[in-house]
Each structure stands twice: as C-alpha cells, then as structure tokens.
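A.B. asks: Take this structure first; my questions come after.
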Amino acid sequence: MSTATTATTKWWNGGKSPFNVEYGKLMMWYFLMSDAFTFGAFLISYGTIRFSTNGWPDPNEVFQSFPGLGSGHPLMFVSLMTFILIISSVTMVQAVKAGHEMKKNKVVINLIWTIIGGAAFLGCQAWEWNHLHAEGAWWGHNPFLNADGTQSSTNFTNYFFTITGFHGFHVFSGLVINIVMLIMTLNNTFEKRGHYLMIEKAGLYWHFVDLVWVFVFTCFYLI
Amino acid sequence: MSNEAVLHGAATSHDAHGDHHHEHHHHETFISKYVFSMDHKMIAKQFLITGMVWAVIGGLMSVLFRLQLGYPDTSFPWLEDLLGKWWAEKGHITAQGYYALVTTHGTVLVFFVLTAGLSGTFANFLIPLQVGARDMASPFMNMLSYWFFFTASVVMLSSIFVETGPFSGGWTAYPPLSALGDASPGSKTGMDLWLVAMALFVVSSLLGGLNYIATILNMRTKGMSMTRLPLTIWALFFTAVLGVLSFPVLLSGFILLIFDRNFGTSFYLSDIFVNGVGALPNEGGSAILFQHLFWFLGHPEVYIILLPAMGMVSEILSVNARKPIFGYMAMIGSLFAISILAFLVWAHHMFVTGLNPFLGSIFVLLTLLIAVPSAIKVFNWLTTLWRGNIRFTPGMLFAIGFVSLFISGGLTGIWLGNSALDIHLHDTYFVIAHFHIVMGVASMFGMFAGVYHWYPKMYGRYLNNTLGYIHFWVTMIGAYLIFWPMHYEGLAGMPRRYYDYSIWESFKNFVELNKFISTVAMIVFATQLLFLLNFFYSIWKGRKVTSQNPWGSNTLEWTAPINPGHGNWPGEIPEVHRWAYDYGKDGREFISQVEPIGADESHH
C-alpha cells in the first residue's frame, strides 16, 4: 500500500481512495460544497431583492463608525474585521503546516492565535451589531435612507442581519471546533494517532468561512 | 503526509476490526443492536419501518380526503367520533381538516416516505453490501442521520395534534399563506413545527448523503472500479449528490421564512391585506423568491425520489430477465444527464406565477431535454426485457410496473413542460395525475420491488409470494384506475386542492367519477395493509432462505452469509473481477462478480 503512489496506479479500480484522501476529508469537501449552496442561495436572494428595489442605502454612510473614534470613517471598522479574519486564516495555515511536521507546540501556538482571531472577529461583529441596533437598525427596522435620500426598504437591514448573522454563526461554530482541536492537541490525541489530519479538516472549514466572508463583505459593504 | 498515515492506518485497523468482530461475537445489548445501532443494515431497517409508519399515516390521510372528494354529501358520523370536531364535524371532513390532510399527505409522502424511507433504506442497505465494504464510511454519522430523521418525524407528528392543527397551506409552503400566522389556523403553531421538522430533516439528509458519497467513492473493494458498480449504486450516488447540493438551498429559503414569520422581516412579503387584520406594513419582499428557492430543491427532489427506484429497477430487471442490462454506460450517462438537468429546470413549476415568459421559454427547452435521458432509460429497460428468460417474481413484477408507470407519467410531463399548455393545465388534476404516476406511484413501485427483491437479504426469509402477487395486481390496476381518470378531469379544467367540487356546475359531470376514484383508493390502501401484514409476518414466520444466492444474482451482497453480521463478510472482503451483469454469458446462467475472468472466456 505504501508504494501505491506510482504513475501507473489505477486510482478508480477500488480498494483505495480515488483521490488519495480518507473519507472524513472527502465528506468535509462535500459538506463545504453543500454549505456554499446555502450561502449562495442567501446571497442570490439578497441580489434578487436588492435589484428589484428602487434605491438602496450607501454602505459608506451606514458603516462609518469606529469604536473610540466616532463616526466619519467609512468602512474602516469592517476593513479591520476583515483583516483580522484573514490573518486568522494565515495562522490556521501555520497550524496545519505544523501538524504535517508533527510539531505539537507550533500547532498549539497557531491554534491559539487562530482562536484569538476568530473571537476578535466575533467581538467586532457584536460591537457593530450593537452599534447599528443603537441607531435603530434591526430585523424589520431600517433607519437609513437610500443613497438618493428616499425612504429605504427594511430589506436592507433584514438581509444584513440575517446573512452576517448566519456567517457569524459559522465563525462561532468554527471557533468551537478550533477550541476542541486545541484541547485534543494539548491532550496529545493527535500525537498518539500519529497525524494531525483533524486539524487539516478544521482548517478547511475555517478557510471556507473566511472565503464566504469575502463574498458577504463584497455584497454588503462594497457594492 | 498525515493524509496517507490515516489512509493506511485506517485501512488496516478497519480490517482488523472486521476480523476481530467475526471471530468472537462481542456482546451487543438490545439498545446497541436495535436502537442506537451503527450497523448499516439495521439503520436501513429503521429507515424502512419508520417510512412504513409514515406511509400508513400519509396513505390514511389520502383515504380521508378522498372520502370528502368522493362523497361530499354523505355524512359519516364515525369520522367525528374518530377524529374529533376540528377534523370532522357532523360526519364531514371540515375544510380546515381537508387542507391539513392534503398538506400533510404531500409533505409526508414526498419527504418522509419517498426520500427518507426510500433512499434512506436502500442507500444504507445496499451501498456497503454492493460495493464491498464492512459498513458506511462513518457508521456514527449514519446513526445520527437516522435519529435526526426520527426527531423530525416526532416533531412533524406532533404538529398533527396541536390545537390549531398542522400546516395546511400545501406541501410547497408558499408564502404569504405560510408566512402569516393570521392567514389560516394551520399557519400558526403547525407551521412552526413543520419548519422545525423540515430543518431537522435537511440535517438528516445531509449527514446521510455525505456518508453515501464518501462510501461509494472511497470504500469500494479491490477490483470494484466505478464501471463495475451495479446501477443501484450509481443511482444512489447521484441521488446523494442531488440531496447534498439542493437541500441547503431549501434550508436557506426556510430560514428566511422563519424570519418572516417571527421577526418582522419582509423577505417574501409585500403589499398584503389580511381579512380581519388589515393592511400589513411589509414592503419590498417577493413571494416568487420563495418559489425559486423552494423549487431549486423541489425539482431535484423529484429525482432524489425517482433515481433510487430507477437504479433498483435496472438491477432487478437484469437479474430476473437473466440478461445483462442493456446499455450499461448509457444508463450511467443518462443518470448523470438527469442529475445535471435536475438543477436547471426548476422554474417549470412557476410558468404561471408571473415569471418572465422569455425565461419560461428557456426552462421549457431544458425541461423537454429531460425526455432524452428518460427515453434512453426506458428503451434500455425494454431492451433488457426483450427476449429475456423472465422470472415473474413479485419484485420483478413491481420493477416492470415501474417501467410502465414511468412511461405513462413521463409522457404527460412533456405536456406540462410546455409553458403554453401549462397555462391551461397548471394546478389542475392533470398535474396531480402526472406527478402521482411518474414520481409517487412509480417510486413506490421501485420501493416495493426493492423490498421484495432484497427481503431475503434483509431478514433471511422470503415474503409470501401469493400475497405479493395480489399486492402487485391490485396496486397496479388500482393506481391506473385512480390516476388515469384524473387526466380527463384536469383537461376539463378541474382545479386541484378544492374542498368540494359538487357546488360547481362545470364539474358536476365528475361526481360519479370522483366517487369511483375514491372507492378504488380505499381498496388500494387496504391492499397495502396486506403487504404490511406480509412484511411483518414474514420477518418471523416467512419461509427461510436456504441458499446464499437465491436469485442467482451477480452482485456482492449475495456472497455474504444469509444473515450477515456487523461487518458483512466473515474474513476477507471479496475481490471483484468483473462487472455486475454477466448473465447468460458463454452458456452460463450467471457469473458472480467475484469470479476471476477465465482464460477462454469471451470478451464482453
């Protein structure tokens, strides 16, 4: 079996995994495809409604506050959030790489950084939600005016809170998964197994959640 | 690479586990064997029997509303005694009861019987046995899949008993009816429970689907290349992919619906006036949006229901015609084509909703394209039967019945796929007739075929043949007698979902016909009870299977012991040397997949 990776190997003839991955990773990829469809459906719904509505608020005017600095900083805070989340993906890559090299301490350190990054992102999101809520925005309530000054549809806030909330829920579950991974690493579970594959699968999920944020960010803050 | 460490580590430990398992049968408690079982065969039986319970409930509901449709003027006082005032007052099914029955019948049959009961049963049972694996890739997730389904079932069942009744806005749950609690009694608590049950169902379907895909791709035994797989496995594979990619969209749609119901949003709502409540403040939403999200699942869903039946029918026809399946690669290709097209035709359910007619014409084209792979399949089945040495077992009869129903129901799909014709036919009994024949009854036939064919493998006993033949003929003739006349009613413009047609002058000529349909429906339902009796009686008292391979079949499940333990094969998993359809080759009746290719064997 260990010499199976030659050019003549018949990968699809049974007795081995055709993609040379164990089943859990295969399932993770299919799950991510499935989840991509969930987010895809949300974002396409959002696009459909937005483009059939006359007028929409200007994100530069809605998202312009920064804690401690007050208002007048369009998209500054969300840029920071996005930066934090992307950096947490970098540390996740480091953790996976360290896992391949069987370096437990490096895995632990990078997982901790990833967890801190994820928690910081969630904290930022909580602050932003809280701030918007204080401004009168919530499901069913939209205090913001359209870019042209006309009355805006509540669907702006409806979609914003639903989709960023759903994404935040994914970040939260990713955070829980990463904490479990950290505990398992500290308990030497992966050392005993001889591999850190679980970290790799958790990493796939984490990167996916990051990638989704890029689309959510684009759709709600940039367009 | 850690990946390889796992691959190789897992392979050895898995085999070791299997062997260990068979050398000393370690103690299994009732709970671990029958309740929280991680054996795919037991989980399959759990899905099957839960599905049967739902089939009885869903079927009984159809009998009740057929009673109303067939005998709208007759009073049945016992109905009120049995069901209470909410459902049946003064011996008549009430209007709210009628809509609740119709809705729950649809939901239950589509999701709980023909999705979970059909692919849940046979994907679980057949995938590991036919690809040559000890169990599913993740037996634990497999167990979770069943228990999520069970929980969904409990929630759905409980919705029938709440004070305001179960959801009653049709199984498609279109808003605004489904979004506004004030719109109808069923849209209150019943709808909340309906949504919770369906969300749990989506989770169950996802856990199951991921497992089926991973098992088929990763766990095939040595020599079992993809093109040696029996067509059942190919069909179940595409079914799982369809489910994994389409159910999440439904989930998104439901999440938005939950917000509309409970949190004051307007995703699907705009400019609405409710009688007794007044104008609603909701602005800017689109009810059509829900239909898009719903049918993006809803259409693949009909193939999720149909493909497992197609796969099993292909296998059963070939085994019992003692001939190789005709056009094996064409069968795979057409399954693939159907799976792709399944995602591209959803808006044909929405031709009359105000959809852009230009968009409609594209969906007409894509919809009619499905006729091509469907016809390929039909002709391949017929050519498999052609000059075969046919054994008319009950399973075979149901498989042939499936082909008949698929043709009859499929042809009317070509009518309905035309957006111009659909203006007349939409929401009439023609649609009811079409989808009940092609999807409902045909898939039930596929399921019956599967149960009769694989029952010996499931329980080590046979079902009673005589009861099986009675079951088949009554159901077959009954199905046509029930649904064929509905085409005429639909062409005459009789709309679906109405509570009482006798008050309409234009439909008075159908009074006797409706009575006839209802009567046949009751007879057919009673015959299904005969099947259930046969099923449960035979588990304990049926004729015992004495040979390992009673049908003379090539596939791997018949190389396992008559009552396989957890792990399926004692000792080594058999290696595969040929495809699954060497019937009647070189003068031999059948050649099992495990038999090596002989030196002087002719090429296939």
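Following the order of the structure tokens, chains are lettered A, B, ..., residues in each are numbered from 1, and ligands are numbered from 1.
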Using only C-alpha atoms, which chain B residues lie at most 6 Å away from chain A, written as a VMD selection string?

C.D. replies: chain B and resid 2 7 210 214 218 220 to 225 244 to 245 248 to 249 252 264 to 265

A.B. asks: Restricting it to C-alpha atoms, dump the selection as a PDB file, in the first residue's frame.

C.D. replies:
ATOM      1  CA  SER B   2      -0.570  12.787   7.514  1.00  0.00           C
ATOM      2  CA  LEU B   7      -5.417   6.195   4.825  1.00  0.00           C
ATOM      3  CA  LEU B 210     -22.226  12.794   2.770  1.00  0.00           C
ATOM      4  CA  ALA B 214     -17.827   9.043   0.764  1.00  0.00           C
ATOM      5  CA  ASN B 218     -13.682   5.625  -1.006  1.00  0.00           C
ATOM      6  CA  ARG B 220     -15.134   0.134  -2.897  1.00  0.00           C
ATOM      7  CA  THR B 221     -13.458  -3.232  -2.578  1.00  0.00           C
ATOM      8  CA  LYS B 222     -10.456  -4.203  -4.636  1.00  0.00           C
ATOM      9  CA  GLY B 223     -11.339  -4.508  -8.308  1.00  0.00           C
ATOM     10  CA  MET B 224     -14.639  -2.641  -7.938  1.00  0.00           C
ATOM     11  CA  SER B 225     -13.978   0.130 -10.426  1.00  0.00           C
ATOM     12  CA  VAL B 244     -26.307  17.390  -0.722  1.00  0.00           C
ATOM     13  CA  LEU B 245     -26.475  20.221  -3.243  1.00  0.00           C
ATOM     14  CA  PRO B 248     -29.178  23.510   1.598  1.00  0.00           C
ATOM     15  CA  VAL B 249     -30.990  25.915  -0.722  1.00  0.00           C
ATOM     16  CA  SER B 252     -31.880  28.950   3.223  1.00  0.00           C
ATOM     17  CA  GLY B 264     -40.932  41.116  11.334  1.00  0.00           C
ATOM     18  CA  THR B 265     -38.936  40.853   8.118  1.00  0.00           C
TER      19      THR B 265
END

A.B. asks: Find, counting only C-alpha atoms, the residue in B:Tyr99, B:Tyr212, B:Trp473, B:Tyr583 that gets nearest to Val241 (chain B).

C.D. replies: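 Checking each of B:Tyr99, B:Tyr212, B:Trp473, B:Tyr583 against Val241 (chain B), counting only C-alpha atoms, the winner is B:Tyr212.
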
A.B. asks: As a VMD selection string, which residues of region 155-303 of chain B does DSSP assign to strand (DSSP E)?

C.D. replies: chain B and resid 273 to 274 278 to 279

A.B. asks: For the residues in the current selection, export C-alpha atoms as a PDB file, in the first residue's frame.

C.D. replies:
ATOM      1  CA  PHE B 273     -54.100  42.735   3.247  1.00  0.00           C
ATOM      2  CA  VAL B 274     -55.336  40.056   5.637  1.00  0.00           C
ATOM      3  CA  GLY B 278     -55.974  44.817   7.784  1.00  0.00           C
ATOM      4  CA  ALA B 279     -53.082  46.009   5.670  1.00  0.00           C
TER       5      ALA B 279
END

A.B. asks: Pick out the residues sitting within 10 Å of Thr185 (chain A), and hand them over as an MDAnalysis selection string; count only C-alpha atoms, and ignore anything fewer than 2 positions along from it in its own chain.

C.D. replies: chainID A and resid 99 104:105 107:108 111 179:183 187:192 196 198:199

A.B. asks: What lies within 8 Å of region 113-122 of chain A using only C-alpha atoms, ignoring chain neighbours under 6 positions off, as a list in words?

C.D. replies: Met81, Thr82, Ile84, Leu85, Ile87, Ser88, Ser89, Thr91, Met92, Gly168, Val171, Phe172, Leu175, Asn178 and Ile179 of chain A

A.B. asks: Would you mind telling me which residue in B:Val474, B:Leu533, B:Ile432, B:Leu69 lies nearest to Tyr488 (chain B) when using only C-alpha atoms?

C.D. replies: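 Of B:Val474, B:Leu533, B:Ile432, B:Leu69, the one nearest Tyr488 (chain B), counting only C-alpha atoms, is B:Ile432.
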
A.B. asks: For CA of Gly208 (chain B) and CA of Gly571 (chain B), quote the distance in Å rounded to one decimal.

C.D. replies: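 Here the two named atoms are 27.4 Å from each other.
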
A.B. asks: Skipping near chain neighbours, those fewer than 4 positions away, what residues fall within 9 Å of Ile272 (chain B) using only C-alpha atoms, listed as a list in words?

C.D. replies: Pro176, Gly278, Ala279, Leu280, Pro281, Asn282 and Glu283 of chain B

A.B. asks: Would you output that residue set with C-alpha atoms, as a PDB file, in the first residue's frame?

C.D. replies:
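Writing the result to again.pdb gives the following:
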ATOM      1  CA  PRO B 176     -47.733  34.572   2.216  1.00  0.00           C
ATOM      2  CA  GLY B 278     -55.974  44.817   7.784  1.00  0.00           C
ATOM      3  CA  ALA B 279     -53.082  46.009   5.670  1.00  0.00           C
ATOM      4  CA  LEU B 280     -49.655  44.764   6.719  1.00  0.00           C
ATOM      5  CA  PRO B 281     -46.652  47.102   6.853  1.00  0.00           C
ATOM      6  CA  ASN B 282     -44.411  44.647   4.947  1.00  0.00           C
ATOM      7  CA  GLU B 283     -42.917  46.127   1.805  1.00  0.00           C
TER       8      GLU B 283
END

A.B. asks: Could you please determine the separation between CA of Pro596 (chain B) and CA of Pro456 (chain B) in Å, to one decimal place?

C.D. replies: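 So the two atoms, CA of Pro596 (chain B) and CA of Pro456 (chain B), lie 26.2 Å apart.
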
A.B. asks: Can you pull out the residues contacting Asp148 (chain A)? Cut-off 12 Å, using only C-alpha atoms, and skip same-chain residues under 5 positions away; I want them as a list in words.

C.D. replies: Asn54, Gly55, Trp56, Pro57, Asp58 and Glu61 of chain A

A.B. asks: Restricting it to N, CA and C atoms, dump the selection as a compact mmCIF listing (two decimals), in the first residue's frame.

C.D. replies:
# COMPACT_ATOMS: atom_id res chain seq x y z
N ASN A 54 -36.26 49.90 -5.68
CA ASN A 54 -35.80 51.21 -6.12
C ASN A 54 -34.96 51.84 -5.01
N GLY A 55 -33.69 51.91 -5.21
CA GLY A 55 -32.84 52.58 -4.24
C GLY A 55 -32.38 51.67 -3.12
N TRP A 56 -31.22 51.97 -2.61
CA TRP A 56 -30.61 51.16 -1.55
C TRP A 56 -29.68 52.09 -0.77
N PRO A 57 -29.50 51.89 0.53
CA PRO A 57 -28.60 52.79 1.27
C PRO A 57 -27.15 52.66 0.79
N ASP A 58 -26.40 53.73 0.97
CA ASP A 58 -24.99 53.72 0.60
C ASP A 58 -24.18 53.16 1.77
N GLU A 61 -22.15 55.33 4.03
CA GLU A 61 -22.81 56.18 5.02
C GLU A 61 -23.31 55.38 6.20

A.B. asks: Which neighbours of region 220-223 of chain A fall inside 8 Å, counting only C-alpha atoms, when residues of the same chain fewer than 3 positions from it are skipped, and could you give them as a VMD selection string?

C.D. replies: chain A and resid 59 to 60 63 75 160 216 to 217

A.B. asks: What does the distance between CA of Phe472 (chain B) and CA of Pro308 (chain B) come to in Å, to one decimal place?

C.D. replies: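 Calculated distance between CA of Phe472 (chain B) and CA of Pro308 (chain B) is 19.5 Å.
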